[in-house]
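**Q** Below you will find the structure I want to go over with you.
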Amino acid sequence: MTLDNPRHRGIYPVAPTTFTESGELDLASQKRCIDFMIDAGSDGICILANFSEQFLLSDEEREVLTRTVLEHVAGRVPVIVTTTHTSTRVCAQRSRRAQDMGAAMVMVMPPYHGATFRCVEPQIQAFYAGISDAIDIPIMIQDAPASGTALSAPFLARLAMEVEHVAYFKIETAGAASKLRELIRLGGQAIEGPWDGEEAITLLPDLDAGATGSMTGGGYPDGIRPIIEAHRNGDRERAYALYERWLPLINYENRQAGFLAAKALMKEGGVIACEAPRQPWPALHPDTRKGLIETAKRLDPMVLRWGR
């Protein structure tokens with residue numbers, strides 16, 4: 001498949017991981033979360049991402065969540081499974097298991113650990129090549145500040161052209177639109193999926209730059225999807241108007257509430273039973289939560305009424 005005919009496009013939000021108050025996995029709420037996200041118009045779903053609190057999960061829990069979600073989705077939408085790990089061997093094994101369970105794609109950050117452990121380009125290319133050799137589904141490279149790894153547009157384009165299954169790119173760095181534009185210019189049809197991320201805070205310029213998909217938080221895909229569709233259909237004025245309307249909530253999630261925004265919205269709307277993060281991550285400050293819900297209510301997103 002190519003940039004002109006991608007296998008995946010549109011809105012693929014990140015599903016939060018749902019816990020009980022004591023920090024156990026809440027699989028019943030997890031399934032309701034997934035059902036809501038599909039009902040709200042998600043073209044696909046991503047699990048086990050940073051916005052899923054993947055860094056607070058054990059390997060055993062990752063297996064349980066992957067199997068539970070993929071079995072529950074049962075092919076209704078494609079599912080991207082994040083399989084990031086510093087080790088090529090471990091990441092390849094995670095990716096193969098995700099594929100075998102039914103994942104449509106894997107998303108992988110470049111190898112890193114802590115504040116200072118990094119790899120250089122030859123090792124990063126070998127890392128992605130090792131993952132590619134283990135699977136037959138697309139790899140999305142997550143280019144995010146959290147890794148602390150600089151991935152230039154020329155290097156990403158080279159990976160797309162030289163590593164078989166590297167085809168999708170979630171660009172979340174500063175100047176994302178410029179990077180997307182350069183990535184597409186250099187990689188051409190090898191760049192099957194140039195995608196926007198970071199809660200859609202840069203969505204409109206990224207779409208103008210050629211992004212064909214977006215991976216946002218999971219709280220309001222019904223708000224984001226019409227923006228993408230209007231832009232794809234050539235109605236930029238409608239896309240702009242819709243983006244302008246939803247931008248206060250996008251901004252509140254991106255700059256104030258972070259990955260707890262989706263769970264707070266889902267708890268408020270009766271989708272999930274508990275919005276607590278897993279310790280030691282702090283809960284939302286009550287005033288931050290209040291501001292989030294007040295901002296959302298002005299838009300009447302599906303999440304606030306789906307479970308009522």
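Please note that chains go A, B, ... in the order of the structure tokens, that every chain numbers its residues from 1, and that ligands are numbered from 1 in the order shown.
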Out of stretch 43-289 of chain A, which residues get helix (DSSP H, G or I) from DSSP, as JSON, numbers by chain?

**A** {"A": [50, 51, 52, 54, 55, 56, 59, 60, 61, 62, 63, 64, 65, 66, 67, 68, 69, 70, 71, 72, 73, 88, 89, 90, 91, 92, 93, 94, 95, 96, 97, 98, 99, 100, 101, 121, 122, 123, 124, 125, 126, 127, 128, 129, 130, 131, 132, 133, 134, 145, 146, 147, 153, 154, 155, 156, 157, 158, 159, 160, 161, 162, 176, 177, 178, 179, 180, 181, 182, 183, 184, 185, 186, 187, 188, 189, 190, 198, 199, 200, 203, 204, 205, 206, 207, 208, 221, 222, 223, 224, 225, 226, 227, 228, 229, 230, 231, 232, 236, 237, 238, 239, 240, 241, 242, 243, 244, 245, 246, 247, 248, 249, 250, 251, 252, 253, 254, 255, 256, 257, 260, 261, 262, 263, 264, 265, 266, 267, 268, 286, 287, 288, 289]}

**Q** Please identify all polymer residues within 8 Å of A:Pro13, counting only C-alpha atoms, omitting same-chain residues fewer than 5 positions from it, and present them as a count of residues only.

**A** 10

**Q** So what do you get for atom CA of A:Thr202 versus atom CA of A:Ala176, distance-wise?

**A**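 Value for the atom CA of A:Thr202-atom CA of A:Ala176 distance: 7.5 Å.
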
**Q** Which polymer residues have any atom within 9 Å of an atom of A:Ala15, counting only C-alpha atoms, with same-chain residues fewer than 4 positions away left out, as a list in words?

**A**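 Once the nearby chain positions are removed, what remains is Gln30, Cys33, Ile34, Met37, Ile45, Cys46, Ile47, Leu48, Ala49, Phe51, Ser52, Gly217, Gly218, Gly219 and Ala262 of chain A.
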
**Q** Using only C-alpha atoms, which residue out of A:Thr17, A:Thr149, A:Gln142, A:Thr288 lies closest to A:Gly197?

**A**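 Selected residue with least distance to A:Gly197: A:Gln142.
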
**Q** Tell me, in Å to one decimal, how far atom CA of A:Ile250 is from atom CA of A:Leu151.

**A**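 So the answer is 25.8 Å.
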
**Q** Please measure the separation of atom CA of A:Ala98 and atom CA of A:Gly130, giving the value in Å to one decimal.

**A**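 Distance reported for this atom pair: 15.5 Å.
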
**Q** As JSON, numbers by chain, please: the residues near A:Leu260 (cut-off 12 Å, only C-alpha atoms, same-chain neighbours under 2 positions excluded).

**A** {"A": [14, 15, 16, 17, 18, 50, 51, 52, 53, 217, 218, 219, 252, 253, 254, 255, 256, 257, 258, 262, 263, 264, 265, 266, 267, 274, 275, 276, 277, 278, 281, 282, 283, 284, 285, 288, 289, 292]}

**Q** Write out as a list in words each polymer residue whose atoms come within 12 Å of A:Asp59, counting only C-alpha atoms; drop sequence neighbours fewer than 2 positions from it.

**A**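 Listed by chain and then number, they are Leu48, Gln54, Phe55, Leu56, Leu57, Glu61, Arg62, Glu63, Val64, Leu65, Thr66, Thr83, Thr84, His85, Val90, Cys91, Gln93 and Arg94 of chain A.
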
**Q** From a DSSP calculation on the backbone, collect every residue of stretch 194-236 of chain A in strand (DSSP E or B) and output the set as a ChimeraX atom specification.

**A** /A:194-196,213-214,217

**Q** Pull N, CA, C and O atoms from the residues just selected and write them as a CSV table (one decimal), in the first residue's frame.

**A**
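Ended up saving to again-v9.csv:
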```
chain,number,residue,atom,x,y,z
A,194,PRO,N,1.5,9.1,7.1
A,194,PRO,CA,2.0,10.2,7.9
A,194,PRO,C,0.9,10.7,8.8
A,194,PRO,O,-0.1,11.2,8.4
A,195,TRP,N,1.1,10.6,10.1
A,195,TRP,CA,0.0,10.8,11.1
A,195,TRP,C,0.4,11.9,12.1
A,195,TRP,O,1.5,12.1,12.5
A,196,ASP,N,-0.6,12.6,12.5
A,196,ASP,CA,-0.6,13.6,13.6
A,196,ASP,C,-0.8,12.9,15.0
A,196,ASP,O,-1.3,11.8,15.0
A,213,GLY,N,-3.9,10.6,9.0
A,213,GLY,CA,-4.5,10.0,10.2
A,213,GLY,C,-4.1,10.8,11.5
A,213,GLY,O,-3.2,11.6,11.4
A,214,SER,N,-4.8,10.5,12.6
A,214,SER,CA,-4.5,11.2,13.8
A,214,SER,C,-4.7,10.2,15.0
A,214,SER,O,-5.7,9.5,15.0
A,217,GLY,N,-6.2,11.4,22.2
A,217,GLY,CA,-6.8,10.8,23.4
A,217,GLY,C,-8.1,10.1,23.0
A,217,GLY,O,-8.7,10.4,22.0
```

**Q** So that I can check the surroundings of A:Pro138, please list as a PDB file with C-alpha atoms, in the first residue's frame every protein, DNA and RNA residue that reaches within 9 Å of it, counting only C-alpha atoms and ignoring chain neighbours fewer than 5 positions away.

**A**
```
ATOM      1  CA  ALA A 104      -3.465  -4.632  12.643  1.00  0.00           C
ATOM      2  CA  MET A 105      -0.278  -2.676  13.339  1.00  0.00           C
ATOM      3  CA  VAL A 106       2.322  -2.162  16.049  1.00  0.00           C
ATOM      4  CA  MET A 107       3.518   1.216  17.287  1.00  0.00           C
ATOM      5  CA  SER A 132      10.140  -5.979  10.839  1.00  0.00           C
ATOM      6  CA  GLU A 164      10.079  -3.556   4.898  1.00  0.00           C
ATOM      7  CA  HIS A 165       7.231  -2.998   7.328  1.00  0.00           C
ATOM      8  CA  VAL A 166       8.048   0.536   8.496  1.00  0.00           C
ATOM      9  CA  ALA A 167       5.277   2.508   6.825  1.00  0.00           C
ATOM     10  CA  TYR A 168       3.512   4.716   9.399  1.00  0.00           C
TER      11      TYR A 168
END
```

**Q** Just the residues within 10 Å of A:His113, please, counting only C-alpha atoms, with nothing from its chain fewer than 4 positions along; format it as a ChimeraX atom specification.

**A** /A:85-86,117-119,147-148

**Q** Take the residues from that selection and write them out as a PDB file, in the first residue's frame, keeping N, CA and C atoms.

**A**
```
ATOM      1  N   HIS A  85       9.851  -1.306  23.498  1.00  0.00           N
ATOM      2  CA  HIS A  85      10.800  -1.812  24.492  1.00  0.00           C
ATOM      3  C   HIS A  85      12.189  -1.458  24.009  1.00  0.00           C
ATOM      4  N   THR A  86      13.130  -1.288  24.916  1.00  0.00           N
ATOM      5  CA  THR A  86      14.496  -0.940  24.519  1.00  0.00           C
ATOM      6  C   THR A  86      15.183  -2.081  23.790  1.00  0.00           C
ATOM      7  N   PHE A 117      20.149   7.028  28.297  1.00  0.00           N
ATOM      8  CA  PHE A 117      20.513   5.867  27.491  1.00  0.00           C
ATOM      9  C   PHE A 117      19.849   5.962  26.122  1.00  0.00           C
ATOM     10  N   ARG A 118      20.659   6.140  25.075  1.00  0.00           N
ATOM     11  CA  ARG A 118      20.151   6.312  23.721  1.00  0.00           C
ATOM     12  C   ARG A 118      20.962   5.477  22.748  1.00  0.00           C
ATOM     13  N   CYS A 119      20.372   5.236  21.575  1.00  0.00           N
ATOM     14  CA  CYS A 119      21.090   4.577  20.481  1.00  0.00           C
ATOM     15  C   CYS A 119      21.247   5.561  19.331  1.00  0.00           C
ATOM     16  N   SER A 147      10.938  10.011  24.187  1.00  0.00           N
ATOM     17  CA  SER A 147      12.093   9.130  23.992  1.00  0.00           C
ATOM     18  C   SER A 147      13.414   9.880  24.084  1.00  0.00           C
ATOM     19  N   GLY A 148      13.363  11.183  23.914  1.00  0.00           N
ATOM     20  CA  GLY A 148      14.598  11.951  23.917  1.00  0.00           C
ATOM     21  C   GLY A 148      15.513  11.629  22.760  1.00  0.00           C
TER      22      GLY A 148
END
```

**Q** Name the closest residue to A:Met101 among the candidates A:Arg7, A:Lys297, A:Lys31, A:His72; distances are taken between atoms, counting only C-alpha atoms.

**A**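 Distance minimum relative to A:Met101 lands on A:His72.
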
**Q** From the set A:Leu304, A:Leu299, A:Val163, A:Leu3, which residue has the shortest atom-to-atom contact distance to A:Gly210, counting only C-alpha atoms?

**A**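 Checking each candidate against A:Gly210, we get A:Leu3 as the closest.
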
**Q** Which of these, A:Ser22, A:Ser87, A:Ala153, A:Ser95, has the shortest distance to A:Phe127 once you count only C-alpha atoms?

**A**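 Of A:Ser22, A:Ser87, A:Ala153, A:Ser95, the one nearest A:Phe127, counting only C-alpha atoms, is A:Ser87.
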
**Q** Hey, which of A:Ile171, A:Gln279, A:Gly193, A:Ala209 ends up closest to A:Glu21? Count only C-alpha atoms.

**A**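 Among the listed residues, the smallest separation from A:Glu21 belongs to A:Gln279.
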